[in-house]
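> For reference, this is coords-v1.cif, and it has mmCIF, C-alpha atoms and all ligand atoms.
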data_entry
#
loop_
_atom_site.group_PDB
_atom_site.id
_atom_site.type_symbol
_atom_site.label_atom_id
_atom_site.label_comp_id
_atom_site.auth_asym_id
_atom_site.auth_seq_id
_atom_site.Cartn_x
_atom_site.Cartn_y
_atom_site.Cartn_z
ATOM 1 C CA MET D 1 -117.983 -132.980 -63.930
ATOM 2 C CA GLN D 2 -118.002 -132.894 -60.153
ATOM 3 C CA PRO D 3 -121.607 -131.962 -59.264
ATOM 4 C CA LYS D 4 -122.075 -128.848 -57.097
ATOM 5 C CA LEU D 5 -125.016 -127.739 -55.005
ATOM 6 C CA ILE D 6 -126.066 -124.738 -52.906
ATOM 7 C CA ILE D 7 -129.384 -124.084 -51.151
ATOM 8 C CA HIS D 8 -130.804 -121.222 -49.080
ATOM 9 C CA SER D 9 -133.686 -120.563 -46.738
ATOM 10 C CA GLY D 10 -133.694 -116.774 -46.451
ATOM 11 C CA ALA D 11 -131.659 -113.736 -45.468
ATOM 12 C CA GLY D 12 -132.196 -111.030 -42.885
ATOM 13 C CA SER D 13 -131.270 -109.489 -39.583
ATOM 14 C CA SER D 14 -130.236 -112.303 -37.241
ATOM 15 C CA LEU D 15 -130.991 -115.827 -36.113
ATOM 16 C CA GLY D 16 -132.253 -114.300 -32.890
ATOM 17 C CA GLU D 17 -134.054 -117.144 -31.170
ATOM 18 C CA LYS D 18 -131.961 -119.443 -29.031
ATOM 19 C CA GLY D 19 -131.165 -122.616 -30.956
ATOM 20 C CA GLY D 20 -132.046 -120.956 -34.259
ATOM 21 C CA VAL D 21 -128.679 -121.602 -35.885
ATOM 22 C CA GLU D 22 -128.652 -125.303 -35.081
ATOM 23 C CA LEU D 23 -132.289 -125.790 -36.107
ATOM 24 C CA VAL D 24 -131.700 -124.211 -39.509
ATOM 25 C CA ARG D 25 -128.301 -125.897 -39.947
ATOM 26 C CA ASN D 26 -129.726 -129.378 -39.241
ATOM 27 C CA SER D 27 -132.539 -128.862 -41.705
ATOM 28 C CA LEU D 28 -130.352 -127.414 -44.481
ATOM 29 C CA HIS D 29 -127.586 -130.010 -44.112
ATOM 30 C CA LYS D 30 -130.049 -132.926 -44.133
ATOM 31 C CA ILE D 31 -131.695 -131.649 -47.315
ATOM 32 C CA LEU D 32 -128.302 -130.939 -48.910
ATOM 33 C CA GLU D 33 -127.103 -134.518 -48.287
ATOM 34 C CA LYS D 34 -130.268 -135.988 -49.813
ATOM 35 C CA LEU D 35 -129.999 -133.772 -52.885
ATOM 36 C CA TYR D 36 -126.300 -134.299 -53.431
ATOM 37 C CA LYS D 37 -126.883 -138.089 -53.607
ATOM 38 C CA LEU D 38 -129.345 -137.462 -56.435
ATOM 39 C CA LEU D 39 -126.715 -135.508 -58.377
ATOM 40 C CA VAL D 40 -124.174 -138.314 -57.826
ATOM 41 C CA ASP D 41 -126.836 -140.764 -59.088
ATOM 42 C CA ASP D 42 -126.951 -138.905 -62.421
ATOM 43 C CA GLN D 43 -130.131 -136.898 -61.886
ATOM 44 C CA SER D 44 -130.293 -133.670 -63.863
ATOM 45 C CA ALA D 45 -129.683 -130.284 -62.254
ATOM 46 C CA LEU D 46 -133.275 -129.332 -63.116
ATOM 47 C CA ASP D 47 -134.787 -132.395 -61.384
ATOM 48 C CA VAL D 48 -132.575 -131.926 -58.325
ATOM 49 C CA VAL D 49 -133.542 -128.254 -58.081
ATOM 50 C CA VAL D 50 -137.243 -129.196 -58.198
ATOM 51 C CA ARG D 51 -136.763 -131.909 -55.541
ATOM 52 C CA GLY D 52 -134.767 -129.506 -53.379
ATOM 53 C CA CYS D 53 -137.451 -126.835 -53.572
ATOM 54 C CA GLN D 54 -140.091 -129.434 -52.637
ATOM 55 C CA LEU D 55 -138.101 -130.539 -49.554
ATOM 56 C CA LEU D 56 -137.536 -126.934 -48.443
ATOM 57 C CA GLU D 57 -141.193 -126.045 -49.117
ATOM 58 C CA ASP D 58 -142.245 -129.018 -46.973
ATOM 59 C CA ASP D 59 -140.221 -127.852 -43.950
ATOM 60 C CA PRO D 60 -142.573 -125.651 -41.875
ATOM 61 C CA ILE D 61 -139.691 -123.595 -40.420
ATOM 62 C CA PHE D 62 -139.201 -121.896 -43.803
ATOM 63 C CA ASN D 63 -141.443 -119.336 -45.494
ATOM 64 C CA ALA D 64 -142.364 -121.309 -48.607
ATOM 65 C CA GLY D 65 -144.984 -124.023 -49.118
ATOM 66 C CA THR D 66 -145.978 -125.332 -45.663
ATOM 67 C CA GLY D 67 -145.260 -122.524 -43.171
ATOM 68 C CA SER D 68 -145.779 -119.684 -45.640
ATOM 69 C CA VAL D 69 -146.627 -116.311 -44.122
ATOM 70 C CA LEU D 70 -150.109 -114.760 -44.340
ATOM 71 C CA GLN D 71 -150.827 -111.663 -46.393
ATOM 72 C CA SER D 72 -152.741 -108.614 -45.128
ATOM 73 C CA ASP D 73 -156.131 -110.292 -45.709
ATOM 74 C CA GLY D 74 -155.115 -113.449 -43.827
ATOM 75 C CA GLN D 75 -154.643 -115.523 -46.995
ATOM 76 C CA ILE D 76 -151.536 -117.421 -48.116
ATOM 77 C CA ARG D 77 -150.362 -116.697 -51.660
ATOM 78 C CA MET D 78 -147.165 -118.397 -52.785
ATOM 79 C CA SER D 79 -144.853 -117.852 -55.748
ATOM 80 C CA ALA D 80 -142.158 -120.054 -57.276
ATOM 81 C CA SER D 81 -139.978 -120.217 -60.369
ATOM 82 C CA LEU D 82 -137.589 -122.515 -62.117
ATOM 83 C CA MET D 83 -134.913 -121.755 -64.702
ATOM 84 C CA ASP D 84 -133.172 -124.352 -66.796
ATOM 85 C CA GLY D 85 -129.738 -123.013 -67.767
ATOM 86 C CA LEU D 86 -129.330 -125.608 -70.531
ATOM 87 C CA ASN D 87 -132.439 -124.521 -72.439
ATOM 88 C CA HIS D 88 -132.277 -120.969 -71.080
ATOM 89 C CA ARG D 89 -135.930 -121.307 -70.101
ATOM 90 C CA PHE D 90 -137.775 -119.608 -67.206
ATOM 91 C CA SER D 91 -141.159 -120.691 -65.817
ATOM 92 C CA GLY D 92 -143.111 -119.625 -62.757
ATOM 93 C CA ALA D 93 -146.332 -119.353 -60.780
ATOM 94 C CA ILE D 94 -147.346 -116.166 -58.965
ATOM 95 C CA ASN D 95 -149.686 -115.872 -55.957
ATOM 96 C CA VAL D 96 -151.017 -119.417 -55.903
ATOM 97 C CA SER D 97 -152.928 -120.966 -52.970
ATOM 98 C CA ARG D 98 -154.042 -124.393 -51.713
ATOM 99 C CA ILE D 99 -151.158 -126.364 -53.206
ATOM 100 C CA LYS D 100 -148.424 -128.220 -51.316
ATOM 101 C CA ASN D 101 -145.522 -127.461 -53.652
ATOM 102 C CA PRO D 102 -145.712 -124.296 -55.789
ATOM 103 C CA ILE D 103 -142.465 -125.391 -57.534
ATOM 104 C CA ASP D 104 -144.513 -128.231 -59.129
ATOM 105 C CA LEU D 105 -146.417 -125.599 -61.126
ATOM 106 C CA ALA D 106 -143.176 -123.994 -62.316
ATOM 107 C CA LYS D 107 -141.985 -127.460 -63.353
ATOM 108 C CA ALA D 108 -145.205 -128.212 -65.259
ATOM 109 C CA LEU D 109 -144.922 -124.845 -67.024
ATOM 110 C CA GLN D 110 -141.384 -125.534 -68.322
ATOM 111 C CA SER D 111 -142.900 -127.266 -71.366
ATOM 112 C CA SER D 112 -145.841 -124.895 -71.809
ATOM 113 C CA PRO D 113 -146.073 -122.096 -74.407
ATOM 114 C CA ASP D 114 -147.376 -119.859 -71.560
ATOM 115 C CA ARG D 115 -144.666 -120.155 -68.947
ATOM 116 C CA VAL D 116 -145.579 -117.739 -66.116
ATOM 117 C CA LEU D 117 -149.093 -117.901 -64.671
ATOM 118 C CA SER D 118 -150.592 -115.804 -61.876
ATOM 119 C CA ASP D 119 -153.513 -116.233 -59.436
ATOM 120 C CA HIS D 120 -156.580 -117.396 -61.471
ATOM 121 C CA GLY D 121 -154.488 -118.963 -64.233
ATOM 122 C CA ALA D 122 -152.262 -120.712 -61.703
ATOM 123 C CA ALA D 123 -155.370 -121.988 -59.844
ATOM 124 C CA GLU D 124 -156.738 -123.344 -63.117
ATOM 125 C CA LEU D 125 -153.419 -125.138 -63.743
ATOM 126 C CA VAL D 126 -153.629 -126.724 -60.268
ATOM 127 C CA ARG D 127 -157.071 -128.044 -61.256
ATOM 128 C CA GLU D 128 -155.875 -129.274 -64.677
ATOM 129 C CA LEU D 129 -152.924 -131.103 -63.108
ATOM 130 C CA GLN D 130 -155.367 -132.588 -60.533
ATOM 131 C CA LEU D 131 -153.066 -131.623 -57.675
ATOM 132 C CA PRO D 132 -154.725 -132.257 -54.289
ATOM 133 C CA VAL D 133 -156.041 -129.300 -52.286
ATOM 134 C CA TYR D 134 -153.561 -128.550 -49.497
ATOM 135 C CA ASN D 135 -153.589 -126.153 -46.543
ATOM 136 C CA SER D 136 -150.115 -124.620 -46.008
ATOM 137 C CA LEU D 137 -151.148 -122.779 -42.821
ATOM 138 C CA THR D 138 -149.260 -123.439 -39.577
ATOM 139 C CA ASP D 139 -150.297 -122.323 -36.072
ATOM 140 C CA LYS D 140 -147.180 -120.151 -35.813
ATOM 141 C CA ARG D 141 -148.076 -118.179 -38.937
ATOM 142 C CA LEU D 142 -151.694 -117.804 -37.875
ATOM 143 C CA ASN D 143 -150.624 -116.519 -34.444
ATOM 144 C CA GLU D 144 -148.230 -114.001 -36.027
ATOM 145 C CA TRP D 145 -151.004 -112.703 -38.269
ATOM 146 C CA GLN D 146 -153.532 -112.493 -35.414
ATOM 147 C CA GLN D 147 -151.061 -110.527 -33.294
ATOM 148 C CA GLU D 148 -150.368 -108.132 -36.150
ATOM 149 C CA ARG D 149 -154.089 -107.727 -36.737
ATOM 150 C CA GLN D 150 -154.485 -106.580 -33.128
ATOM 151 C CA GLN D 151 -151.727 -104.037 -33.736
ATOM 152 C CA ASN D 152 -153.429 -102.936 -36.959
ATOM 153 C CA PHE D 153 -150.608 -104.288 -39.150
ATOM 154 C CA SER D 154 -147.993 -101.832 -37.903
ATOM 155 C CA LYS D 155 -145.160 -104.049 -39.235
ATOM 156 C CA SER D 156 -144.362 -103.723 -42.917
ATOM 157 C CA MET D 157 -143.631 -107.434 -43.187
ATOM 158 C CA ALA D 158 -143.761 -110.649 -41.186
ATOM 159 C CA ASN D 159 -140.868 -112.177 -39.243
ATOM 160 C CA ILE D 160 -139.966 -113.949 -42.390
ATOM 161 C CA ILE D 161 -136.313 -113.809 -42.692
ATOM 162 C CA ALA D 162 -133.680 -114.892 -40.275
ATOM 163 C CA GLU D 163 -134.976 -113.228 -37.138
ATOM 164 C CA SER D 164 -136.680 -116.417 -36.070
ATOM 165 C CA PRO D 165 -135.903 -119.924 -37.234
ATOM 166 C CA GLY D 166 -139.281 -119.980 -38.910
ATOM 167 C CA SER D 167 -138.381 -117.875 -41.849
ATOM 168 C CA GLY D 168 -137.167 -117.255 -45.349
ATOM 169 C CA THR D 169 -137.747 -117.667 -49.009
ATOM 170 C CA ILE D 170 -136.041 -120.848 -50.200
ATOM 171 C CA GLY D 171 -133.831 -121.531 -53.218
ATOM 172 C CA VAL D 172 -131.705 -124.240 -54.835
ATOM 173 C CA VAL D 173 -128.922 -123.979 -57.440
ATOM 174 C CA ALA D 174 -127.309 -127.089 -58.934
ATOM 175 C CA LEU D 175 -124.617 -128.118 -61.437
ATOM 176 C CA ASP D 176 -124.916 -131.740 -62.569
ATOM 177 C CA LYS D 177 -122.378 -134.263 -63.926
ATOM 178 C CA GLU D 178 -123.143 -133.187 -67.493
ATOM 179 C CA GLY D 179 -122.327 -129.565 -66.641
ATOM 180 C CA ARG D 180 -125.972 -128.429 -66.737
ATOM 181 C CA LEU D 181 -127.044 -125.596 -64.417
ATOM 182 C CA ALA D 182 -130.486 -124.846 -62.957
ATOM 183 C CA ALA D 183 -132.006 -122.545 -60.314
ATOM 184 C CA GLY D 184 -135.305 -122.626 -58.401
ATOM 185 C CA THR D 185 -136.821 -120.236 -55.841
ATOM 186 C CA SER D 186 -140.055 -120.381 -53.816
ATOM 187 C CA THR D 187 -141.663 -118.051 -51.265
ATOM 188 C CA GLY D 188 -144.731 -117.177 -49.231
ATOM 189 C CA GLY D 189 -143.861 -113.499 -49.817
ATOM 190 C CA LYS D 190 -143.101 -110.806 -47.227
ATOM 191 C CA GLY D 191 -146.104 -111.346 -45.021
ATOM 192 C CA PHE D 192 -148.864 -108.760 -44.348
ATOM 193 C CA GLU D 193 -148.467 -107.408 -47.895
ATOM 194 C CA LYS D 194 -151.228 -105.913 -50.021
ATOM 195 C CA ILE D 195 -153.350 -108.340 -52.015
ATOM 196 C CA GLY D 196 -151.789 -108.816 -55.434
ATOM 197 C CA ARG D 197 -148.230 -107.805 -54.454
ATOM 198 C CA VAL D 198 -145.840 -109.780 -56.671
ATOM 199 C CA SER D 199 -142.646 -111.280 -55.245
ATOM 200 C CA ASP D 200 -139.239 -111.294 -56.946
ATOM 201 C CA SER D 201 -139.110 -115.073 -56.496
ATOM 202 C CA ALA D 202 -141.112 -115.729 -59.668
ATOM 203 C CA MET D 203 -139.231 -113.135 -61.721
ATOM 204 C CA PRO D 204 -135.819 -113.279 -63.457
ATOM 205 C CA ALA D 205 -134.759 -110.630 -60.916
ATOM 206 C CA GLY D 206 -134.940 -113.314 -58.198
ATOM 207 C CA ASN D 207 -134.121 -116.491 -60.101
ATOM 208 C CA TYR D 208 -132.093 -116.825 -63.301
ATOM 209 C CA ALA D 209 -129.787 -119.246 -65.134
ATOM 210 C CA THR D 210 -127.912 -119.673 -68.421
ATOM 211 C CA GLY D 211 -125.263 -122.179 -69.452
ATOM 212 C CA SER D 212 -122.713 -119.901 -67.712
ATOM 213 C CA ALA D 213 -124.201 -119.414 -64.225
ATOM 214 C CA ALA D 214 -127.339 -119.904 -62.107
ATOM 215 C CA VAL D 215 -128.550 -117.676 -59.237
ATOM 216 C CA SER D 216 -131.346 -117.709 -56.635
ATOM 217 C CA CYS D 217 -132.008 -114.623 -54.481
ATOM 218 C CA THR D 218 -133.545 -113.959 -51.089
ATOM 219 C CA GLY D 219 -134.343 -110.867 -49.039
ATOM 220 C CA ILE D 220 -136.738 -107.988 -49.608
ATOM 221 C CA GLY D 221 -138.373 -108.619 -52.986
ATOM 222 C CA GLU D 222 -138.615 -104.951 -53.922
ATOM 223 C CA ASP D 223 -134.843 -104.504 -53.296
ATOM 224 C CA ILE D 224 -134.053 -107.583 -55.413
ATOM 225 C CA ILE D 225 -136.289 -106.326 -58.232
ATOM 226 C CA ASP D 226 -134.705 -102.860 -58.139
ATOM 227 C CA GLU D 227 -131.245 -104.430 -58.479
ATOM 228 C CA CYS D 228 -132.517 -107.110 -60.923
ATOM 229 C CA LEU D 229 -129.977 -109.141 -58.977
ATOM 230 C CA ALA D 230 -130.170 -112.729 -60.289
ATOM 231 C CA ALA D 231 -130.310 -111.742 -63.955
ATOM 232 C CA LYS D 232 -127.608 -109.097 -63.449
ATOM 233 C CA ILE D 233 -125.116 -111.529 -61.893
ATOM 234 C CA VAL D 234 -125.819 -114.239 -64.489
ATOM 235 C CA ILE D 235 -125.543 -111.836 -67.428
ATOM 236 C CA ARG D 236 -122.268 -110.439 -66.076
ATOM 237 C CA VAL D 237 -120.854 -113.972 -65.942
ATOM 238 C CA THR D 238 -122.279 -114.810 -69.384
ATOM 239 C CA ASP D 239 -120.541 -111.679 -70.717
ATOM 240 C CA GLY D 240 -117.166 -112.744 -69.334
ATOM 241 C CA PHE D 241 -116.937 -111.617 -65.695
ATOM 242 C CA SER D 242 -115.722 -114.262 -63.234
ATOM 243 C CA ILE D 243 -118.427 -115.218 -60.752
ATOM 244 C CA LYS D 244 -116.346 -113.509 -58.036
ATOM 245 C CA ALA D 245 -116.125 -110.263 -60.006
ATOM 246 C CA ALA D 246 -119.843 -110.437 -60.865
ATOM 247 C CA PHE D 247 -120.723 -110.834 -57.176
ATOM 248 C CA GLU D 248 -118.326 -108.078 -56.114
ATOM 249 C CA ARG D 249 -119.689 -105.572 -58.639
ATOM 250 C CA SER D 250 -123.344 -106.472 -58.046
ATOM 251 C CA PHE D 251 -123.096 -106.465 -54.246
ATOM 252 C CA ALA D 252 -121.157 -103.174 -54.221
ATOM 253 C CA GLU D 253 -124.076 -101.662 -56.170
ATOM 254 C CA ALA D 254 -126.649 -103.255 -53.843
ATOM 255 C CA HIS D 255 -124.739 -102.008 -50.787
ATOM 256 C CA LYS D 256 -124.559 -98.484 -52.209
ATOM 257 C CA HIS D 257 -128.340 -98.549 -52.696
ATOM 258 C CA ASN D 258 -128.940 -99.776 -49.110
ATOM 259 C CA ARG D 259 -130.569 -103.014 -50.242
ATOM 260 C CA ASP D 260 -131.455 -105.885 -47.912
ATOM 261 C CA LEU D 261 -130.814 -109.065 -49.891
ATOM 262 C CA GLY D 262 -128.683 -112.117 -50.571
ATOM 263 C CA ALA D 263 -127.936 -114.528 -53.413
ATOM 264 C CA ILE D 264 -126.521 -118.006 -54.008
ATOM 265 C CA ALA D 265 -124.884 -119.138 -57.271
ATOM 266 C CA ILE D 266 -122.838 -121.706 -59.167
ATOM 267 C CA ASP D 267 -120.978 -121.058 -62.413
ATOM 268 C CA ALA D 268 -120.211 -123.431 -65.271
ATOM 269 C CA ASN D 269 -116.709 -124.081 -63.846
ATOM 270 C CA GLY D 270 -118.256 -125.371 -60.627
ATOM 271 C CA ILE D 271 -117.453 -122.321 -58.510
ATOM 272 C CA ILE D 272 -119.979 -121.926 -55.704
ATOM 273 C CA ALA D 273 -120.798 -118.422 -54.458
ATOM 274 C CA TRP D 274 -123.014 -116.648 -51.998
ATOM 275 C CA GLY D 275 -123.275 -113.024 -50.985
ATOM 276 C CA LYS D 276 -125.373 -110.751 -48.798
ATOM 277 C CA THR D 277 -125.910 -107.174 -47.765
ATOM 278 C CA SER D 278 -128.158 -108.362 -44.919
ATOM 279 C CA ASP D 279 -126.644 -109.542 -41.641
ATOM 280 C CA VAL D 280 -127.334 -113.197 -42.357
ATOM 281 C CA ILE D 281 -127.998 -115.451 -45.317
ATOM 282 C CA LEU D 282 -129.070 -118.986 -44.483
ATOM 283 C CA ALA D 283 -127.177 -120.923 -47.153
ATOM 284 C CA ALA D 284 -125.475 -124.321 -47.236
ATOM 285 C CA PHE D 285 -123.435 -125.935 -50.009
ATOM 286 C CA HIS D 286 -121.873 -129.239 -51.069
ATOM 287 C CA ASP D 287 -118.739 -129.098 -53.232
ATOM 288 C CA GLY D 288 -118.354 -132.870 -53.628
ATOM 289 C CA LYS D 289 -115.912 -133.157 -50.751
ATOM 290 C CA GLU D 290 -117.612 -131.421 -47.891
ATOM 291 C CA ILE D 291 -120.578 -129.412 -46.697
ATOM 292 C CA GLY D 292 -120.222 -125.777 -45.701
ATOM 293 C CA ASP D 293 -122.635 -123.056 -44.675
ATOM 294 C CA SER D 294 -122.994 -119.317 -44.195
ATOM 295 C CA LEU D 295 -124.972 -119.281 -40.974
ATOM 296 C CA GLU D 296 -122.283 -117.710 -38.836
ATOM 297 C CA ALA D 297 -120.600 -115.510 -41.446
ATOM 298 C CA ALA D 298 -119.678 -111.948 -40.491
ATOM 299 C CA LYS D 299 -122.516 -109.415 -40.426
ATOM 300 C CA GLY D 300 -123.027 -107.029 -43.306
ATOM 301 C CA THR D 301 -121.899 -107.255 -46.919
ATOM 302 C CA PHE D 302 -119.988 -110.474 -47.462
ATOM 303 C CA ILE D 303 -119.099 -112.513 -50.519
ATOM 304 C CA PHE D 304 -117.902 -116.103 -50.581
ATOM 305 C CA THR D 305 -116.622 -118.117 -53.549
ATOM 306 C CA ALA D 306 -114.992 -121.557 -53.656
ATOM 307 C CA GLU D 307 -114.245 -124.111 -56.353
HETATM 308 N N1 LIG D 401 -137.956 -112.361 -51.538
HETATM 309 C C1 LIG D 401 -139.279 -112.768 -51.273
HETATM 310 C C2 LIG D 401 -140.243 -111.670 -51.310
HETATM 311 O O1 LIG D 401 -139.922 -110.525 -50.995
HETATM 312 O O2 LIG D 401 -141.371 -111.916 -51.649
#
Would you mind writing the file out in structure tokens?

Amino acid sequence: MQPKLIIHSGAGSSLGEKGGVELVRNSLHKILEKLYKLLVDDQSALDVVVRGCQLLEDDPIFNAGTGSVLQSDGQIRMSASLMDGLNHRFSGAINVSRIKNPIDLAKALQSSPDRVLSDHGAAELVRELQLPVYNSLTDKRLNEWQQERQQNFSKSMANIIAESPGSGTIGVVALDKEGRLAAGTSTGGKGFEKIGRVSDSAMPAGNYATGSAAVSCTGIGEDIIDECLAAKIVIRVTDGFSIKAAFERSFAEAHKHNRDLGAIAIDANGIIAWGKTSDVILAAFHDGKEIGDSLEAAKGTFIFTAE
């Protein structure tokens, strides 16, 4: 099969800062090119999704891994998940700290009988895997938190999404030469949230795959959970909807409920899709012939599909 690939780095109100579009585009396109080569070189969708999440986590302009936002107590807690469409298997780590790539925990948990671990359990897994201690904090995130602290945390969340170039949950969806699908999602959360708040990114609501379709979501976690968006789209496709119809139905529902979210997907026929109710979703895709992206798509609800 012709491999297909789509990645995202968040969704939200606008790429407000001057130069924001080009900064995000350069980063996404560079990562996309690297990952697509891996698919052409016969790597599995699952391995490419893990590598893609690592590269996006390592870019400090995105809110995952290095550059994650701080929570209300000034700590970073990250969450990530991985779903293998071939084996129909989900794994994830919730609210983990002091690790460079949270997706590595989700990968390690794919073969574990206990496949989703949170804070203490996830920290114990980091120790068992002997992963080096890593500080994901950047000056920009610390400054944002200090400013909010002075204003007594009047914002409900950090500038995490598209408002500045330094923002956004990340996700990768891939279809490999063998027709296998996989999805991965990783986040620093909303920023300024209560200790213990759990993101959609390590739930099937935010990241889901079967042999029929794979989806990664971005946006406000609570909105994604309420819509159960990733699982809903995938199950609709698995039950016989086209990916286009599944996106149209699911985004009409999300729009009706005033949700702020976006999703990327690929189906088993190689159709790539993305959709949003937010003004912007930062997504880029490779269809085997060319690279495309969503950075300057029309504001508001929008759905894109292409073979
Ligand atoms: N979608 C990421 C979060 O809300 O945590």
> Counting only C-alpha atoms and all ligand atoms, what residues are within 10 Å of ligand LIG 401 (chain D), given as a CSV table (one decimal) with C-alpha atoms, in the frame of the given file?

chain,number,residue,atom,x,y,z
D,10,GLY,CA,-133.7,-116.8,-46.5
D,11,ALA,CA,-131.7,-113.7,-45.5
D,63,ASN,CA,-141.4,-119.3,-45.5
D,64,ALA,CA,-142.4,-121.3,-48.6
D,78,MET,CA,-147.2,-118.4,-52.8
D,79,SER,CA,-144.9,-117.9,-55.7
D,80,ALA,CA,-142.2,-120.1,-57.3
D,157,MET,CA,-143.6,-107.4,-43.2
D,160,ILE,CA,-140.0,-113.9,-42.4
D,161,ILE,CA,-136.3,-113.8,-42.7
D,168,GLY,CA,-137.2,-117.3,-45.3
D,169,THR,CA,-137.7,-117.7,-49.0
D,170,ILE,CA,-136.0,-120.8,-50.2
D,185,THR,CA,-136.8,-120.2,-55.8
D,186,SER,CA,-140.1,-120.4,-53.8
D,187,THR,CA,-141.7,-118.1,-51.3
D,188,GLY,CA,-144.7,-117.2,-49.2
D,189,GLY,CA,-143.9,-113.5,-49.8
D,190,LYS,CA,-143.1,-110.8,-47.2
D,191,GLY,CA,-146.1,-111.3,-45.0
D,193,GLU,CA,-148.5,-107.4,-47.9
D,197,ARG,CA,-148.2,-107.8,-54.5
D,198,VAL,CA,-145.8,-109.8,-56.7
D,199,SER,CA,-142.6,-111.3,-55.2
D,200,ASP,CA,-139.2,-111.3,-56.9
D,201,SER,CA,-139.1,-115.1,-56.5
D,202,ALA,CA,-141.1,-115.7,-59.7
D,206,GLY,CA,-134.9,-113.3,-58.2
D,216,SER,CA,-131.3,-117.7,-56.6
D,217,CYS,CA,-132.0,-114.6,-54.5
D,218,THR,CA,-133.5,-114.0,-51.1
D,219,GLY,CA,-134.3,-110.9,-49.0
D,220,ILE,CA,-136.7,-108.0,-49.6
D,221,GLY,CA,-138.4,-108.6,-53.0
D,222,GLU,CA,-138.6,-105.0,-53.9
D,223,ASP,CA,-134.8,-104.5,-53.3
D,224,ILE,CA,-134.1,-107.6,-55.4
D,225,ILE,CA,-136.3,-106.3,-58.2
D,260,ASP,CA,-131.5,-105.9,-47.9
D,261,LEU,CA,-130.8,-109.1,-49.9
D,262,GLY,CA,-128.7,-112.1,-50.6
> What does the structure give for the distance between atom CA of D:Pro204 and atom CA of D:Gly270, in Å to one decimal?
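So the answer is 21.5 Å.
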> May I ask which of the residues D:Thr210, D:Ser91, D:Gln150, D:Ser112 is the closest one to D:Gly179, counting all atoms listed in the file?
D:Thr210
> Expand the PyMOL selection byres (((chain D and resi 73) around 10) and not hetatm) into the explicit residue set it covers here, and present it as a PDB file with C-alpha atoms, in the frame of the given file.

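Writing the result to selection.pdb gives the following:
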ATOM      1  CA  LEU D  70    -150.109-114.760 -44.340  1.00  0.00           C
ATOM      2  CA  GLN D  71    -150.827-111.663 -46.393  1.00  0.00           C
ATOM      3  CA  SER D  72    -152.741-108.614 -45.128  1.00  0.00           C
ATOM      4  CA  GLY D  74    -155.115-113.449 -43.827  1.00  0.00           C
ATOM      5  CA  GLN D  75    -154.643-115.523 -46.995  1.00  0.00           C
ATOM      6  CA  ILE D  76    -151.536-117.421 -48.116  1.00  0.00           C
ATOM      7  CA  TRP D 145    -151.004-112.703 -38.269  1.00  0.00           C
ATOM      8  CA  ARG D 149    -154.089-107.727 -36.737  1.00  0.00           C
ATOM      9  CA  PHE D 192    -148.864-108.760 -44.348  1.00  0.00           C
ATOM     10  CA  GLU D 193    -148.467-107.408 -47.895  1.00  0.00           C
ATOM     11  CA  LYS D 194    -151.228-105.913 -50.021  1.00  0.00           C
ATOM     12  CA  ILE D 195    -153.350-108.340 -52.015  1.00  0.00           C
TER      13      ILE D 195
END
> Care to translate the PyMOL selection byres (((chain D and resi 96) around 12) and not hetatm) into actual residues of this file, as a short mmCIF file (atom, residue, chain, number, x, y, z; two decimals) with C-alpha atoms, in the coordinates of the input?

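Ended up saving to part.cif:
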data_model
loop_
_atom_site.label_atom_id
_atom_site.label_comp_id
_atom_site.auth_asym_id
_atom_site.auth_seq_id
_atom_site.Cartn_x
_atom_site.Cartn_y
_atom_site.Cartn_z
CA ALA D 64 -142.36 -121.31 -48.61
CA GLY D 65 -144.98 -124.02 -49.12
CA SER D 68 -145.78 -119.68 -45.64
CA GLN D 75 -154.64 -115.52 -47.00
CA ILE D 76 -151.54 -117.42 -48.12
CA ARG D 77 -150.36 -116.70 -51.66
CA MET D 78 -147.16 -118.40 -52.78
CA SER D 79 -144.85 -117.85 -55.75
CA ALA D 80 -142.16 -120.05 -57.28
CA SER D 81 -139.98 -120.22 -60.37
CA GLY D 92 -143.11 -119.62 -62.76
CA ALA D 93 -146.33 -119.35 -60.78
CA ILE D 94 -147.35 -116.17 -58.96
CA ASN D 95 -149.69 -115.87 -55.96
CA SER D 97 -152.93 -120.97 -52.97
CA ARG D 98 -154.04 -124.39 -51.71
CA ILE D 99 -151.16 -126.36 -53.21
CA LYS D 100 -148.42 -128.22 -51.32
CA ASN D 101 -145.52 -127.46 -53.65
CA PRO D 102 -145.71 -124.30 -55.79
CA ILE D 103 -142.46 -125.39 -57.53
CA ASP D 104 -144.51 -128.23 -59.13
CA LEU D 105 -146.42 -125.60 -61.13
CA ALA D 106 -143.18 -123.99 -62.32
CA VAL D 116 -145.58 -117.74 -66.12
CA LEU D 117 -149.09 -117.90 -64.67
CA SER D 118 -150.59 -115.80 -61.88
CA ASP D 119 -153.51 -116.23 -59.44
CA HIS D 120 -156.58 -117.40 -61.47
CA GLY D 121 -154.49 -118.96 -64.23
CA ALA D 122 -152.26 -120.71 -61.70
CA ALA D 123 -155.37 -121.99 -59.84
CA GLU D 124 -156.74 -123.34 -63.12
CA LEU D 125 -153.42 -125.14 -63.74
CA VAL D 126 -153.63 -126.72 -60.27
CA ARG D 127 -157.07 -128.04 -61.26
CA VAL D 133 -156.04 -129.30 -52.29
CA TYR D 134 -153.56 -128.55 -49.50
CA ASN D 135 -153.59 -126.15 -46.54
CA SER D 136 -150.12 -124.62 -46.01
CA SER D 186 -140.06 -120.38 -53.82
CA THR D 187 -141.66 -118.05 -51.26
CA GLY D 188 -144.73 -117.18 -49.23
CA GLY D 189 -143.86 -113.50 -49.82
CA ILE D 195 -153.35 -108.34 -52.02
CA GLY D 196 -151.79 -108.82 -55.43
CA VAL D 198 -145.84 -109.78 -56.67
CA SER D 199 -142.65 -111.28 -55.24
CA ALA D 202 -141.11 -115.73 -59.67
#
